[in-house]
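Have a look at work_18.cif below; it lists mmCIF, C-alpha atoms.
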data_entry
loop_
_atom_site.label_atom_id
_atom_site.label_comp_id
_atom_site.auth_asym_id
_atom_site.auth_seq_id
_atom_site.Cartn_x
_atom_site.Cartn_y
_atom_site.Cartn_z
CA MET A 24 103.32 98.84 79.11
CA ALA A 25 103.94 97.16 82.45
CA GLU A 26 106.51 94.40 82.74
CA THR A 27 104.93 90.93 82.87
CA LEU A 28 105.74 89.40 86.22
CA ASP A 29 105.17 85.93 87.52
CA ALA A 30 104.85 84.96 91.17
CA ILE A 31 108.60 84.25 91.50
CA ASP A 32 109.49 87.68 90.05
CA ALA A 33 107.07 89.28 92.50
CA ARG A 34 108.58 87.39 95.43
CA ILE A 35 112.11 88.43 94.34
CA LEU A 36 111.01 92.06 94.12
CA ASP A 37 109.30 91.84 97.51
CA LEU A 38 112.49 90.48 99.10
CA ILE A 39 114.70 93.12 97.45
CA GLN A 40 112.32 95.91 98.54
CA ALA A 41 112.54 94.69 102.13
CA ASP A 42 116.32 94.22 102.14
CA ALA A 43 118.45 95.23 99.15
CA ALA A 44 121.54 93.78 100.84
CA LEU A 45 120.35 90.18 100.42
CA SER A 46 122.73 88.09 98.34
CA VAL A 47 121.53 86.34 95.19
CA ALA A 48 122.04 83.02 97.00
CA GLU A 49 119.78 84.14 99.88
CA ILE A 50 117.10 85.37 97.49
CA ALA A 51 117.33 82.19 95.40
CA ASP A 52 116.95 80.04 98.51
CA ARG A 53 113.87 81.97 99.67
CA VAL A 54 112.11 81.75 96.28
CA GLY A 55 113.07 78.14 95.55
CA LEU A 56 115.51 78.68 92.69
CA SER A 57 119.19 78.01 92.24
CA SER A 58 121.47 81.05 92.12
CA SER A 59 121.97 81.26 88.33
CA PRO A 60 118.28 81.43 87.30
CA CYS A 61 117.60 83.83 90.18
CA TRP A 62 120.49 86.07 89.09
CA ARG A 63 119.15 86.04 85.49
CA ARG A 64 115.70 87.10 86.70
CA ILE A 65 117.18 89.95 88.76
CA LYS A 66 119.30 91.07 85.79
CA ARG A 67 116.21 91.01 83.50
CA LEU A 68 114.27 93.09 86.05
CA GLU A 69 117.16 95.58 86.24
CA GLU A 70 117.61 95.78 82.45
CA SER A 71 113.87 96.30 81.88
CA GLY A 72 113.91 99.15 84.43
CA VAL A 73 111.56 97.46 86.93
CA ILE A 74 114.44 97.62 89.41
CA GLN A 75 115.66 101.21 89.09
CA LYS A 76 118.25 101.19 91.87
CA ARG A 77 118.96 99.77 95.28
CA VAL A 78 119.28 102.18 98.17
CA THR A 79 119.83 102.39 101.90
CA ILE A 80 117.16 104.08 103.99
CA LEU A 81 118.62 106.25 106.73
CA ASP A 82 117.11 107.20 110.07
CA ARG A 83 116.64 110.95 109.61
CA GLU A 84 115.96 111.50 113.33
CA LYS A 85 119.37 110.09 114.24
CA LEU A 86 120.91 112.44 111.66
CA GLY A 87 119.14 115.49 113.09
CA LEU A 88 116.82 115.83 110.09
CA SER A 89 113.48 115.30 111.80
CA PHE A 90 111.66 118.43 110.56
CA GLU A 91 109.38 117.40 107.70
CA VAL A 92 106.97 119.66 105.80
CA TYR A 93 104.57 119.20 102.91
CA CYS A 94 104.39 122.30 100.73
CA THR A 95 101.76 123.03 98.12
CA VAL A 96 103.31 125.42 95.59
CA LYS A 97 101.54 127.63 93.08
CA LEU A 98 103.62 129.30 90.39
CA ALA A 99 102.95 132.95 89.53
CA LEU A 100 102.69 132.08 85.85
CA PRO A 101 102.65 128.34 85.06
CA THR A 102 104.02 128.49 81.54
CA LYS A 103 106.06 125.65 80.06
CA ASP A 104 109.28 127.64 80.52
CA ASN A 105 108.46 128.41 84.17
CA LEU A 106 107.46 124.81 84.90
CA ASP A 107 110.71 123.57 83.32
CA ALA A 108 112.75 126.15 85.27
CA PHE A 109 111.05 125.16 88.52
CA ASP A 110 111.65 121.45 87.81
CA ARG A 111 115.35 122.10 87.22
CA ALA A 112 115.71 124.26 90.33
CA ILE A 113 113.95 121.73 92.58
CA SER A 114 116.18 118.90 91.36
CA ASP A 115 119.16 120.83 92.82
CA MET A 116 117.57 121.35 96.26
CA PRO A 117 118.56 118.52 98.62
CA GLU A 118 115.91 119.56 101.15
CA VAL A 119 113.21 118.52 98.66
CA VAL A 120 113.00 114.74 98.95
CA GLN A 121 109.88 114.44 96.78
CA CYS A 122 108.30 116.71 94.21
CA ALA A 123 105.19 116.03 92.14
CA THR A 124 103.26 118.07 89.62
CA VAL A 125 99.64 117.95 90.77
CA THR A 126 96.18 118.82 89.53
CA GLY A 127 93.92 121.41 91.09
CA ALA A 128 94.61 124.91 92.36
CA ALA A 129 98.33 124.25 92.96
CA ASP A 130 101.09 123.27 90.56
CA TYR A 131 103.37 121.21 92.83
CA GLU A 132 103.40 119.21 96.04
CA LEU A 133 106.78 119.08 97.77
CA ARG A 134 108.01 117.00 100.68
CA VAL A 135 110.77 118.95 102.40
CA VAL A 136 113.15 117.68 105.09
CA THR A 137 115.33 120.01 107.19
CA ARG A 138 116.83 120.23 110.69
CA ASP A 139 114.29 122.57 112.26
CA MET A 140 111.98 125.55 111.72
CA PRO A 141 114.80 128.11 111.18
CA ALA A 142 116.35 125.84 108.54
CA PHE A 143 112.96 125.48 106.85
CA ASP A 144 112.46 129.26 106.94
CA ALA A 145 115.88 129.73 105.31
CA PHE A 146 114.96 127.13 102.67
CA LEU A 147 111.73 128.99 101.88
CA ARG A 148 113.30 132.45 101.74
CA ASP A 149 116.70 131.71 100.23
CA ARG A 150 115.93 128.81 97.92
CA LEU A 151 112.27 128.53 96.99
CA LEU A 152 111.01 132.13 97.01
CA SER A 153 114.25 133.50 95.58
CA LEU A 154 113.48 131.68 92.31
CA GLY A 155 110.99 134.44 91.48
CA LEU A 156 108.54 131.85 90.10
CA VAL A 157 106.32 131.18 93.11
CA SER A 158 103.13 133.08 93.93
CA ASN A 159 101.89 131.00 96.87
CA ILE A 160 103.12 128.31 99.26
CA GLU A 161 100.98 126.47 101.78
CA SER A 162 103.04 124.49 104.28
CA ARG A 163 101.92 121.68 106.55
CA ILE A 164 104.36 120.54 109.23
CA VAL A 165 104.36 116.81 109.87
CA ILE A 166 103.66 116.07 113.52
CA ARG A 167 103.98 112.31 113.31
CA SER A 168 104.49 109.96 110.38
CA VAL A 169 101.91 107.16 110.40
CA LYS A 170 103.20 105.25 107.36
CA ASN A 171 106.35 105.81 105.36
CA THR A 172 107.36 103.20 102.81
CA THR A 173 109.21 103.06 99.53
CA ALA A 174 107.79 99.62 98.70
CA ALA A 175 105.63 99.30 95.59
CA PRO A 176 102.34 97.50 96.32
CA LEU A 177 103.17 94.39 94.28
CA GLY A 178 99.89 92.69 95.15
CA LEU A 179 98.17 95.25 92.90
CA VAL A 180 100.27 94.39 89.82
CA THR A 181 98.25 91.32 88.97
CA PRO A 182 95.62 89.70 91.15
CA TYR A 183 97.22 86.26 91.18
CA LEU A 184 100.57 87.40 92.59
CA GLU A 185 100.84 86.49 96.24
CA VAL A 186 103.72 88.30 97.95
#
Represent the supplied structure as structure tokens.
Amino acid sequence: MAETLDAIDARILDLIQADAALSVAEIADRVGLSSSPCWRRIKRLEESGVIQKRVTILDREKLGLSFEVYCTVKLALPTKDNLDAFDRAISDMPEVVQCATVTGAADYELRVVTRDMPAFDAFLRDRLLSLGLVSNIESRIVIRSVKNTTAAPLGLVTPYLEV
């Protein structure tokens, strides 16, 4: 069941999503609370698992990691054991920044980030295909990212929350 949020919780979450480095005092000031009640709300949201972790988003281009590909993966035999083995293997591949089990003709949708085409080719050959589990991969190279956010759409949680 979803955590019950009020408008202040939603505003706190919106602020933290935009800038996880904000101090409790800054957040409290922006939502109209004193620091102690604001801190208690943040702690409750962390303990309930609504706030999973706070991260820093890096500029991949500046790091030389601008090659992004979406891969649709079909397993040769999608048994429970093979799905579990694929899940475990993918979790150890740093190039895979997102992985989802999907419905339809494919079993997985991957978002892969590498330096360039040769690095992606090496990833496919040496990491993904070497598992011996994959029967088909369809890759789509990202030309330009139109929207890329990690923010949850808090306005959809409950209609009365204005963030």
Test item: axis-aligned box, all listed atoms of range 116-129 of chain A, 3 Å on each side, centre and edges in Å rounded to one decimal, as AutoDock Vina command-line options:
--center_x 106.2 --center_y 119.7 --center_z 95.3 --size_x 30.6 --size_y 16.5 --size_z 17.6
Neighbours of point (112.4, 89.2, 100.3) within 10 Å, using all atoms listed in the file, written as JSON, numbers by chain: {"A": [33, 34, 35, 36, 37, 38, 39, 40, 41, 42, 43, 45, 49, 50, 51, 53, 54, 186]}
What do you get, as a PyMOL selection string, if you spell out every residue that the PyMOL selection byres ((chain A and resi 148-152) around 12) selects here? chain A and resi 94-99+108-110+112-119+133+135+141-147+153-160
Evaluate the PyMOL selection byres ((chain A and resi 163-177) around 7) and report residues as a list in words: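 When the PyMOL selection byres ((chain A and resi 163-177) around 7) is applied to the shown file, the picked residues are Ala33, Gln40, Glu91, Val92, Tyr93, Cys94, Glu161, Ser162, Gly178, Leu179 and Val180 of chain A.
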Export of prior selection with C-alpha atoms as an mmCIF file, in the coordinates of the input:
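Resulting contents of again_28.cif:
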data_model
loop_
_atom_site.group_PDB
_atom_site.id
_atom_site.type_symbol
_atom_site.label_atom_id
_atom_site.label_comp_id
_atom_site.auth_asym_id
_atom_site.auth_seq_id
_atom_site.Cartn_x
_atom_site.Cartn_y
_atom_site.Cartn_z
ATOM 1 C CA ALA A 33 107.070 89.280 92.500
ATOM 2 C CA GLN A 40 112.320 95.910 98.540
ATOM 3 C CA GLU A 91 109.380 117.400 107.700
ATOM 4 C CA VAL A 92 106.970 119.660 105.800
ATOM 5 C CA TYR A 93 104.570 119.200 102.910
ATOM 6 C CA CYS A 94 104.390 122.300 100.730
ATOM 7 C CA GLU A 161 100.980 126.470 101.780
ATOM 8 C CA SER A 162 103.040 124.490 104.280
ATOM 9 C CA GLY A 178 99.890 92.690 95.150
ATOM 10 C CA LEU A 179 98.170 95.250 92.900
ATOM 11 C CA VAL A 180 100.270 94.390 89.820
#
What does the distance between CA of Cys122 in chain A and CA of Lys85 in chain A come to in Å, to one decimal place? 23.8 Å
Measuring atom to atom with all atoms listed in the file, identify which of A:Leu88, A:Asp32, A:Val78, A:Asp139 is nearest to Arg63 in chain A.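 The answer is A:Asp32, which sits nearest to Arg63 in chain A.
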